[in-house]
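A short worksheet on the structure shown next.
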Amino acid sequence: MSRVIRAALFQTAWTGDKESMIQVHEQAARDAAAQGAQVLCFQELFYGPYFCQVQDKAFYEYAEQIPDGPIVKRFQSLAKELGIVLILPMYEEEQPGVLYNTAAVIDADGSYLGKYRKHHIPQVPGFWEKFYFRPGNLGWPIFDTKVGKIGVYICYDRHFPEGWRALGLAGAEIVFNPSATSRGLSAYLWQLEQPAAAVANEYFVGAINRVGVEELGDNDFYGTTYFVDPEAQF
């Protein structure tokens, strides 16, 4: 890249309720903008717990329309106020019973640019995602934002190379990978896969992970959020 972009990532622990979680992220956006950030990405399913540790229909209530739901509208106003690009990983309801793990992208003027839906959906203990989500069906879009061309790849997607490659071929300059990933084999792969994708595709990667142990299970989300450049330098 021939220019410098100030970018931010935000990792945090579950606060215990949806509204306070949203407020924590609103403050994070304000703090990032105050430090000069031009683009900010939140963690996977940012306004809730990582409810996929259990299979409970009650969590379907966390899903909402994108872009017509209240959370997107709320952060569109904030993006416009702060002049910052926002990537919002959310639980999307396309229609009743049709649900996706999605990231909405909002430009620095508050306009909604589009969304990416997670393709690869795990179904293993601690990550019962097929109970909640359908596989994504929108391909690998590139979002032409005020700061440049942005791609999104969500959590478990990172284990599969085709999306990384598609984003690179489409001209992505930075790809964000919001995640909820816990200790074990994942911790080793976390330090390997995103740098490898950055090198192979010649773009920057921002990798975001949750923090802590939530009351729904024993997944220990280990943070270690980072940026990596096209030469695999952290």
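Following the order of the structure tokens, first chain is A, next is B, and so on, with residues numbered from 1 inside each chain and ligands from 1 in the order they appear.
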Quick one: everything within 10 Å of Ile142 of chain A, counting only C-alpha atoms, minus sequence neighbours fewer than 4 positions away in the same chain. Send it as a PDB file with N, CA, C and O atoms, in the first residue's frame.
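Result went into part39.pdb, see below:
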```pdb
ATOM      1  N   LEU A 113     -22.785  -0.304   3.416  1.00  0.00           N
ATOM      2  CA  LEU A 113     -22.166  -0.758   2.177  1.00  0.00           C
ATOM      3  C   LEU A 113     -22.529  -2.189   1.802  1.00  0.00           C
ATOM      4  O   LEU A 113     -22.438  -2.559   0.633  1.00  0.00           O
ATOM      5  N   GLY A 114     -22.900  -3.001   2.786  1.00  0.00           N
ATOM      6  CA  GLY A 114     -23.228  -4.384   2.487  1.00  0.00           C
ATOM      7  C   GLY A 114     -22.839  -5.302   3.627  1.00  0.00           C
ATOM      8  O   GLY A 114     -22.486  -4.850   4.717  1.00  0.00           O
ATOM      9  N   LYS A 115     -22.874  -6.614   3.368  1.00  0.00           N
ATOM     10  CA  LYS A 115     -22.614  -7.582   4.430  1.00  0.00           C
ATOM     11  C   LYS A 115     -21.920  -8.816   3.875  1.00  0.00           C
ATOM     12  O   LYS A 115     -22.007  -9.142   2.686  1.00  0.00           O
ATOM     13  N   TYR A 116     -21.210  -9.477   4.765  1.00  0.00           N
ATOM     14  CA  TYR A 116     -20.596 -10.775   4.487  1.00  0.00           C
ATOM     15  C   TYR A 116     -21.228 -11.793   5.426  1.00  0.00           C
ATOM     16  O   TYR A 116     -21.377 -11.542   6.629  1.00  0.00           O
ATOM     17  N   GLY A 148     -10.276   2.384   1.880  1.00  0.00           N
ATOM     18  CA  GLY A 148      -9.742   1.404   0.951  1.00  0.00           C
ATOM     19  C   GLY A 148     -10.652   0.196   0.810  1.00  0.00           C
ATOM     20  O   GLY A 148     -11.775   0.178   1.322  1.00  0.00           O
ATOM     21  N   LYS A 149     -10.150  -0.813   0.140  1.00  0.00           N
ATOM     22  CA  LYS A 149     -10.939  -2.003  -0.158  1.00  0.00           C
ATOM     23  C   LYS A 149     -10.797  -3.028   0.962  1.00  0.00           C
ATOM     24  O   LYS A 149      -9.705  -3.527   1.228  1.00  0.00           O
ATOM     25  N   ILE A 150     -11.928  -3.335   1.596  1.00  0.00           N
ATOM     26  CA  ILE A 150     -11.971  -4.180   2.791  1.00  0.00           C
ATOM     27  C   ILE A 150     -12.694  -5.491   2.484  1.00  0.00           C
ATOM     28  O   ILE A 150     -13.725  -5.514   1.800  1.00  0.00           O
ATOM     29  N   GLY A 151     -12.148  -6.585   3.033  1.00  0.00           N
ATOM     30  CA  GLY A 151     -12.824  -7.867   3.003  1.00  0.00           C
ATOM     31  C   GLY A 151     -13.054  -8.371   4.414  1.00  0.00           C
ATOM     32  O   GLY A 151     -12.391  -7.920   5.361  1.00  0.00           O
ATOM     33  N   VAL A 152     -13.987  -9.304   4.579  1.00  0.00           N
ATOM     34  CA  VAL A 152     -14.287  -9.909   5.878  1.00  0.00           C
ATOM     35  C   VAL A 152     -14.337 -11.420   5.711  1.00  0.00           C
ATOM     36  O   VAL A 152     -14.887 -11.942   4.731  1.00  0.00           O
ATOM     37  N   ALA A 166     -10.079 -15.639  -2.754  1.00  0.00           N
ATOM     38  CA  ALA A 166     -11.095 -14.881  -3.490  1.00  0.00           C
ATOM     39  C   ALA A 166     -11.044 -13.401  -3.130  1.00  0.00           C
ATOM     40  O   ALA A 166     -11.164 -12.530  -4.001  1.00  0.00           O
ATOM     41  N   LEU A 167     -10.834 -13.108  -1.852  1.00  0.00           N
ATOM     42  CA  LEU A 167     -10.756 -11.713  -1.411  1.00  0.00           C
ATOM     43  C   LEU A 167      -9.529 -11.028  -2.002  1.00  0.00           C
ATOM     44  O   LEU A 167      -9.589  -9.870  -2.426  1.00  0.00           O
ATOM     45  N   GLY A 168      -8.407 -11.749  -2.043  1.00  0.00           N
ATOM     46  CA  GLY A 168      -7.204 -11.183  -2.640  1.00  0.00           C
ATOM     47  C   GLY A 168      -7.369 -10.921  -4.127  1.00  0.00           C
ATOM     48  O   GLY A 168      -6.990  -9.859  -4.634  1.00  0.00           O
ATOM     49  N   ALA A 170     -10.001 -10.290  -5.659  1.00  0.00           N
ATOM     50  CA  ALA A 170     -10.966  -9.203  -5.848  1.00  0.00           C
ATOM     51  C   ALA A 170     -10.407  -7.841  -5.458  1.00  0.00           C
ATOM     52  O   ALA A 170     -11.091  -6.829  -5.603  1.00  0.00           O
ATOM     53  N   GLY A 171      -9.161  -7.822  -4.944  1.00  0.00           N
ATOM     54  CA  GLY A 171      -8.515  -6.546  -4.677  1.00  0.00           C
ATOM     55  C   GLY A 171      -8.515  -6.083  -3.243  1.00  0.00           C
ATOM     56  O   GLY A 171      -8.216  -4.912  -2.974  1.00  0.00           O
ATOM     57  N   ALA A 172      -8.793  -6.959  -2.305  1.00  0.00           N
ATOM     58  CA  ALA A 172      -8.799  -6.553  -0.895  1.00  0.00           C
ATOM     59  C   ALA A 172      -7.430  -6.029  -0.483  1.00  0.00           C
ATOM     60  O   ALA A 172      -6.395  -6.598  -0.840  1.00  0.00           O
ATOM     61  N   GLU A 173      -7.425  -4.944   0.288  1.00  0.00           N
ATOM     62  CA  GLU A 173      -6.190  -4.382   0.828  1.00  0.00           C
ATOM     63  C   GLU A 173      -6.002  -4.766   2.300  1.00  0.00           C
ATOM     64  O   GLU A 173      -4.882  -4.868   2.778  1.00  0.00           O
ATOM     65  N   ILE A 174      -7.119  -4.956   2.988  1.00  0.00           N
ATOM     66  CA  ILE A 174      -7.086  -5.467   4.362  1.00  0.00           C
ATOM     67  C   ILE A 174      -8.303  -6.350   4.573  1.00  0.00           C
ATOM     68  O   ILE A 174      -9.399  -6.036   4.100  1.00  0.00           O
ATOM     69  N   VAL A 175      -8.094  -7.479   5.234  1.00  0.00           N
ATOM     70  CA  VAL A 175      -9.180  -8.417   5.541  1.00  0.00           C
ATOM     71  C   VAL A 175      -9.282  -8.552   7.054  1.00  0.00           C
ATOM     72  O   VAL A 175      -8.277  -8.783   7.738  1.00  0.00           O
TER      73      VAL A 175
END
```
DSSP strand (DSSP E or B) residues within segment 30-96 of chain A, listed as a VMD selection string: chain A and resid 39 to 41 64 85 to 95
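Shell of Ala196 of chain A at 12 Å, with only C-alpha atoms counted and residues fewer than 5 places along the chain excluded, is Arg158, His159, Phe160, Pro161, Trp164, Arg165, Leu189, Trp190, Gln191, Asn201, Glu202, Tyr203, Phe204, Val205, Val228, Asp229, Pro230, Glu231, Ala232, Gln233 and Phe234 of chain A.
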Show me, as a compact mmCIF listing (two decimals) with N, CA, C and O atoms, in the first residue's frame, the residues that have an atom within 10 Å of segment 180-183 of chain A when counting only C-alpha atoms, minus same-chain residues fewer than 6 positions from it.
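Dumped to selection05.txt:
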```txt
# COMPACT_ATOMS: atom_id res chain seq x y z
N GLN A 11 -11.24 -6.20 21.26
CA GLN A 11 -11.57 -7.45 21.95
C GLN A 11 -12.09 -7.11 23.33
O GLN A 11 -11.62 -6.16 23.97
N GLN A 43 -15.51 -7.89 17.52
CA GLN A 43 -15.37 -9.35 17.55
C GLN A 43 -16.65 -10.04 17.06
O GLN A 43 -17.70 -9.42 16.91
N GLU A 44 -16.54 -11.32 16.82
CA GLU A 44 -17.67 -12.11 16.31
C GLU A 44 -18.87 -12.02 17.25
O GLU A 44 -18.73 -12.12 18.47
N LEU A 45 -20.08 -11.82 16.67
CA LEU A 45 -21.32 -11.73 17.45
C LEU A 45 -21.15 -10.72 18.59
O LEU A 45 -21.39 -11.02 19.75
N PHE A 46 -20.78 -9.51 18.25
CA PHE A 46 -20.18 -8.57 19.20
C PHE A 46 -21.07 -8.17 20.36
O PHE A 46 -20.57 -7.87 21.44
N PRO A 49 -23.15 -12.80 24.21
CA PRO A 49 -22.17 -13.83 24.57
C PRO A 49 -21.92 -14.70 23.35
O PRO A 49 -22.65 -14.59 22.34
N TYR A 50 -20.92 -15.56 23.41
CA TYR A 50 -20.79 -16.56 22.35
C TYR A 50 -21.73 -17.71 22.72
O TYR A 50 -21.35 -18.69 23.35
N CYS A 52 -23.09 -20.00 21.11
CA CYS A 52 -22.97 -21.29 20.43
C CYS A 52 -22.32 -22.36 21.31
O CYS A 52 -22.20 -23.51 20.89
N GLY A 126 -18.95 -27.05 22.18
CA GLY A 126 -18.50 -25.69 22.43
C GLY A 126 -18.73 -24.75 21.28
O GLY A 126 -18.64 -23.53 21.44
N PHE A 127 -19.03 -25.31 20.10
CA PHE A 127 -19.23 -24.50 18.90
C PHE A 127 -20.39 -25.08 18.08
O PHE A 127 -20.22 -25.53 16.95
N ILE A 154 -14.99 -14.69 8.62
CA ILE A 154 -15.39 -14.79 10.02
C ILE A 154 -14.92 -16.11 10.65
O ILE A 154 -15.25 -17.19 10.17
N CYS A 155 -14.15 -16.01 11.70
CA CYS A 155 -13.75 -17.09 12.61
C CYS A 155 -13.37 -18.38 11.87
O CYS A 155 -12.34 -18.45 11.23
N TYR A 156 -14.22 -19.40 11.93
CA TYR A 156 -13.92 -20.73 11.40
C TYR A 156 -13.59 -20.71 9.91
O TYR A 156 -12.88 -21.60 9.41
N TRP A 190 -3.97 -19.93 15.38
CA TRP A 190 -4.24 -18.48 15.41
C TRP A 190 -3.00 -17.69 15.00
O TRP A 190 -3.11 -16.66 14.34
N ILE A 208 -9.33 -10.64 15.26
CA ILE A 208 -9.94 -10.21 16.52
C ILE A 208 -10.49 -11.43 17.25
O ILE A 208 -11.19 -12.24 16.65
N ASN A 209 -10.22 -11.53 18.55
CA ASN A 209 -10.72 -12.65 19.35
C ASN A 209 -11.35 -12.13 20.64
O ASN A 209 -10.96 -11.09 21.15
N ARG A 210 -12.30 -12.89 21.15
CA ARG A 210 -12.90 -12.58 22.44
C ARG A 210 -11.92 -12.80 23.59
O ARG A 210 -10.83 -13.33 23.40
N VAL A 211 -12.37 -12.43 24.80
CA VAL A 211 -11.55 -12.56 26.00
C VAL A 211 -12.38 -13.24 27.10
O VAL A 211 -13.55 -12.90 27.31
N GLY A 212 -11.76 -14.19 27.81
CA GLY A 212 -12.35 -14.71 29.04
C GLY A 212 -13.21 -15.94 28.89
O GLY A 212 -13.39 -16.49 27.81
N VAL A 213 -13.77 -16.38 30.02
CA VAL A 213 -14.67 -17.53 30.10
C VAL A 213 -16.06 -17.01 30.42
O VAL A 213 -16.25 -16.26 31.37
N ASP A 218 -17.18 -23.58 29.12
CA ASP A 218 -15.81 -23.45 29.61
C ASP A 218 -14.83 -23.03 28.52
O ASP A 218 -13.61 -23.10 28.71
N ASN A 219 -15.33 -22.58 27.37
CA ASN A 219 -14.43 -22.04 26.35
C ASN A 219 -13.66 -20.86 26.93
O ASN A 219 -14.25 -19.91 27.44
N ASP A 220 -12.35 -20.91 26.83
CA ASP A 220 -11.49 -19.83 27.32
C ASP A 220 -11.01 -19.02 26.12
O ASP A 220 -10.07 -19.41 25.44
N PHE A 221 -11.67 -17.91 25.87
CA PHE A 221 -11.33 -17.06 24.74
C PHE A 221 -10.10 -16.24 25.11
O PHE A 221 -10.12 -15.46 26.05
N TYR A 222 -9.01 -16.42 24.36
CA TYR A 222 -7.69 -16.00 24.81
C TYR A 222 -7.23 -14.67 24.22
O TYR A 222 -6.06 -14.30 24.35
N GLY A 223 -8.10 -13.92 23.57
CA GLY A 223 -7.69 -12.62 23.07
C GLY A 223 -6.60 -12.72 22.02
O GLY A 223 -6.78 -13.35 20.99
```
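The environment of segment 81-93 of chain A within 6 Å, counting only C-alpha atoms and disregarding residues fewer than 3 places along the same chain, consists of Gln38, Val39, Leu40, Cys41, Phe42, Glu44, Leu45, Phe46, Ala63, Glu64, Gln65, Leu78, Val98, Leu99, Tyr100, Asn101, Thr102, Ala103, Ala104, Val105, Ile106, Asp107 and Ala108 of chain A.
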Long-range neighbours of segment 21-31 of chain A as a list in words, 8 Å cut-off, only C-alpha atoms, 2 positions minimum in chain: Phe10, Trp14, Thr15, Gly16, Asp17, Lys18, Glu19, Ala33, Ala34, Gln35, Leu40, Phe42, Phe46, Tyr47, Gly48, Phe75, Leu78 and Leu82 of chain A
Expected file contents, prior selection, all heavy atoms, as a compact mmCIF listing (two decimals), in the first residue's frame:
```txt
# COMPACT_ATOMS: atom_id res chain seq x y z
N PHE A 10 -11.07 -4.44 18.32
CA PHE A 10 -11.54 -4.38 19.70
C PHE A 10 -11.92 -5.76 20.20
O PHE A 10 -12.79 -6.43 19.63
CB PHE A 10 -12.75 -3.44 19.82
CG PHE A 10 -13.21 -3.22 21.23
CD1 PHE A 10 -12.34 -2.75 22.21
CD2 PHE A 10 -14.52 -3.50 21.60
CE1 PHE A 10 -12.76 -2.55 23.52
CE2 PHE A 10 -14.95 -3.30 22.91
CZ PHE A 10 -14.07 -2.83 23.86
N TRP A 14 -17.63 -10.56 27.74
CA TRP A 14 -19.09 -10.42 27.84
C TRP A 14 -19.44 -9.69 29.13
O TRP A 14 -18.97 -10.04 30.21
CB TRP A 14 -19.72 -11.80 27.79
CG TRP A 14 -21.15 -11.95 28.15
CD1 TRP A 14 -21.65 -12.80 29.10
CD2 TRP A 14 -22.29 -11.29 27.56
NE1 TRP A 14 -23.02 -12.70 29.14
CE2 TRP A 14 -23.44 -11.79 28.20
CE3 TRP A 14 -22.43 -10.34 26.56
CZ2 TRP A 14 -24.73 -11.36 27.88
CZ3 TRP A 14 -23.71 -9.90 26.23
CH2 TRP A 14 -24.84 -10.41 26.88
N THR A 15 -20.27 -8.68 29.01
CA THR A 15 -20.64 -7.86 30.17
C THR A 15 -21.78 -8.46 30.99
O THR A 15 -21.96 -8.10 32.14
CB THR A 15 -21.09 -6.46 29.71
OG1 THR A 15 -22.22 -6.61 28.84
CG2 THR A 15 -19.97 -5.74 28.99
N GLY A 16 -22.56 -9.33 30.37
CA GLY A 16 -23.69 -9.94 31.07
C GLY A 16 -25.05 -9.55 30.52
O GLY A 16 -26.05 -10.21 30.81
N ASP A 17 -25.11 -8.47 29.70
CA ASP A 17 -26.38 -8.13 29.06
C ASP A 17 -26.11 -7.36 27.77
O ASP A 17 -25.06 -6.73 27.58
CB ASP A 17 -27.29 -7.33 29.99
CG ASP A 17 -26.77 -5.94 30.25
OD1 ASP A 17 -25.99 -5.76 31.19
OD2 ASP A 17 -27.15 -5.02 29.49
N LYS A 18 -27.08 -7.41 26.88
CA LYS A 18 -26.93 -6.89 25.52
C LYS A 18 -26.70 -5.39 25.49
O LYS A 18 -25.79 -4.90 24.79
CB LYS A 18 -28.17 -7.27 24.71
CG LYS A 18 -28.16 -6.81 23.27
CD LYS A 18 -29.43 -7.30 22.57
CE LYS A 18 -29.52 -6.83 21.14
NZ LYS A 18 -30.76 -7.32 20.48
N GLU A 19 -27.51 -4.63 26.21
CA GLU A 19 -27.41 -3.17 26.13
C GLU A 19 -26.06 -2.66 26.64
O GLU A 19 -25.44 -1.79 26.02
CB GLU A 19 -28.55 -2.50 26.90
CG GLU A 19 -28.49 -0.98 26.92
CD GLU A 19 -28.46 -0.33 25.54
OE1 GLU A 19 -29.00 -0.92 24.58
OE2 GLU A 19 -27.90 0.78 25.43
N ALA A 33 -11.60 6.38 17.55
CA ALA A 33 -11.62 7.58 16.71
C ALA A 33 -10.80 8.70 17.33
O ALA A 33 -10.08 9.43 16.62
CB ALA A 33 -13.06 8.03 16.49
N ALA A 34 -10.86 8.83 18.65
CA ALA A 34 -10.09 9.87 19.34
C ALA A 34 -8.59 9.65 19.19
O ALA A 34 -7.80 10.61 19.24
CB ALA A 34 -10.47 9.91 20.82
N GLN A 35 -8.19 8.38 19.00
CA GLN A 35 -6.77 8.05 18.81
C GLN A 35 -6.37 8.07 17.33
O GLN A 35 -5.25 7.70 16.98
CB GLN A 35 -6.47 6.69 19.42
CG GLN A 35 -6.63 6.65 20.94
CD GLN A 35 -6.43 5.24 21.49
OE1 GLN A 35 -5.38 4.65 21.33
NE2 GLN A 35 -7.46 4.72 22.14
N LEU A 40 -12.53 0.40 12.18
CA LEU A 40 -12.58 -0.39 13.41
C LEU A 40 -13.44 -1.63 13.18
O LEU A 40 -14.54 -1.53 12.62
CB LEU A 40 -13.17 0.44 14.55
CG LEU A 40 -13.59 -0.26 15.83
CD1 LEU A 40 -12.39 -0.92 16.51
CD2 LEU A 40 -14.26 0.73 16.78
N PHE A 42 -15.14 -5.03 15.23
CA PHE A 42 -15.48 -5.67 16.50
C PHE A 42 -15.33 -7.19 16.37
O PHE A 42 -15.12 -7.72 15.29
CB PHE A 42 -16.91 -5.32 16.91
CG PHE A 42 -17.15 -3.86 17.16
CD1 PHE A 42 -18.39 -3.29 16.89
CD2 PHE A 42 -16.15 -3.03 17.68
CE1 PHE A 42 -18.63 -1.95 17.14
CE2 PHE A 42 -16.37 -1.70 17.93
CZ PHE A 42 -17.62 -1.14 17.64
N PHE A 46 -20.78 -9.51 18.25
CA PHE A 46 -20.18 -8.57 19.20
C PHE A 46 -21.07 -8.17 20.36
O PHE A 46 -20.57 -7.87 21.44
CB PHE A 46 -19.66 -7.33 18.47
CG PHE A 46 -20.68 -6.26 18.17
CD1 PHE A 46 -20.93 -5.26 19.09
CD2 PHE A 46 -21.36 -6.24 16.96
CE1 PHE A 46 -21.85 -4.26 18.82
CE2 PHE A 46 -22.28 -5.25 16.68
CZ PHE A 46 -22.53 -4.25 17.61
N TYR A 47 -22.39 -8.11 20.19
CA TYR A 47 -23.24 -7.55 21.24
C TYR A 47 -23.84 -8.61 22.18
O TYR A 47 -24.68 -8.29 23.02
CB TYR A 47 -24.37 -6.71 20.63
CG TYR A 47 -25.20 -7.41 19.58
CD1 TYR A 47 -26.26 -8.24 19.93
CD2 TYR A 47 -24.92 -7.26 18.22
CE1 TYR A 47 -27.02 -8.89 18.97
CE2 TYR A 47 -25.67 -7.90 17.25
CZ TYR A 47 -26.72 -8.71 17.63
OH TYR A 47 -27.46 -9.36 16.68
N GLY A 48 -23.38 -9.86 22.05
CA GLY A 48 -23.89 -10.91 22.91
C GLY A 48 -22.78 -11.78 23.46
O GLY A 48 -21.61 -11.55 23.20
N PHE A 75 -25.38 2.16 14.88
CA PHE A 75 -23.96 2.32 14.58
C PHE A 75 -23.73 3.09 13.28
O PHE A 75 -22.64 3.64 13.08
CB PHE A 75 -23.26 0.96 14.59
CG PHE A 75 -22.94 0.49 15.98
CD1 PHE A 75 -23.83 -0.27 16.71
CD2 PHE A 75 -21.74 0.84 16.59
CE1 PHE A 75 -23.56 -0.68 18.01
CE2 PHE A 75 -21.44 0.44 17.88
CZ PHE A 75 -22.36 -0.32 18.60
N LEU A 78 -23.42 6.49 14.62
CA LEU A 78 -22.14 6.68 15.30
C LEU A 78 -20.99 6.80 14.29
O LEU A 78 -20.10 7.65 14.45
CB LEU A 78 -21.89 5.52 16.26
CG LEU A 78 -20.64 5.65 17.15
CD1 LEU A 78 -20.75 6.86 18.07
CD2 LEU A 78 -20.45 4.38 17.97
N LEU A 82 -18.53 10.04 14.03
CA LEU A 82 -17.10 9.93 14.28
C LEU A 82 -16.26 9.97 13.01
O LEU A 82 -15.04 10.15 13.08
CB LEU A 82 -16.81 8.64 15.04
CG LEU A 82 -17.47 8.49 16.41
CD1 LEU A 82 -17.19 7.11 16.98
CD2 LEU A 82 -17.03 9.58 17.37
```
Where does segment 172-221 of chain A meet segment 118-122 of chain A within 12 Å, residue by residue, with the nearest atom pair and distance in Å to one decimal for each, counting only C-alpha atoms, listed by chain and rising number, as CSV?
```
residue,atom,partner,partner_atom,distance
A:Asn177,CA,A:Lys118,CA,10.4
A:Pro178,CA,A:Lys118,CA,10.5
A:Ser179,CA,A:Lys118,CA,10.9
A:Thr181,CA,A:Pro122,CA,11.9
```
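Taking atom CA of Gln76 of chain A and atom CA of Tyr112 of chain A as endpoints, the distance between them is 7.2 Å.
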Helix (DSSP H, G or I) per DSSP on the backbone: members of segment 3-174 of chain A, as a PyMOL selection string: chain A and resi 18-34+51-53+57-62+70-82+129-131+155-159+161-169
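Between atom CA of Gly110 of chain A and atom CA of Ser77 of chain A there is a distance of 6.0 Å.
Distances here use only C-alpha atoms; by that measure, the residue among A:Glu94, A:Tyr132, A:Ser186, A:Ala8 closest to Thr225 of chain A is A:Ala8.
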Selected residue, from A:Pro141, A:Gln55, A:Ser111, A:Glu214, that lies nearest to Val72 of chain A when counting only C-alpha atoms: A:Ser111
Coordinates-based distance that separates atom CA of Phe131 of chain A from atom CA of Phe59 of chain A (Å, one decimal): 10.4 Å
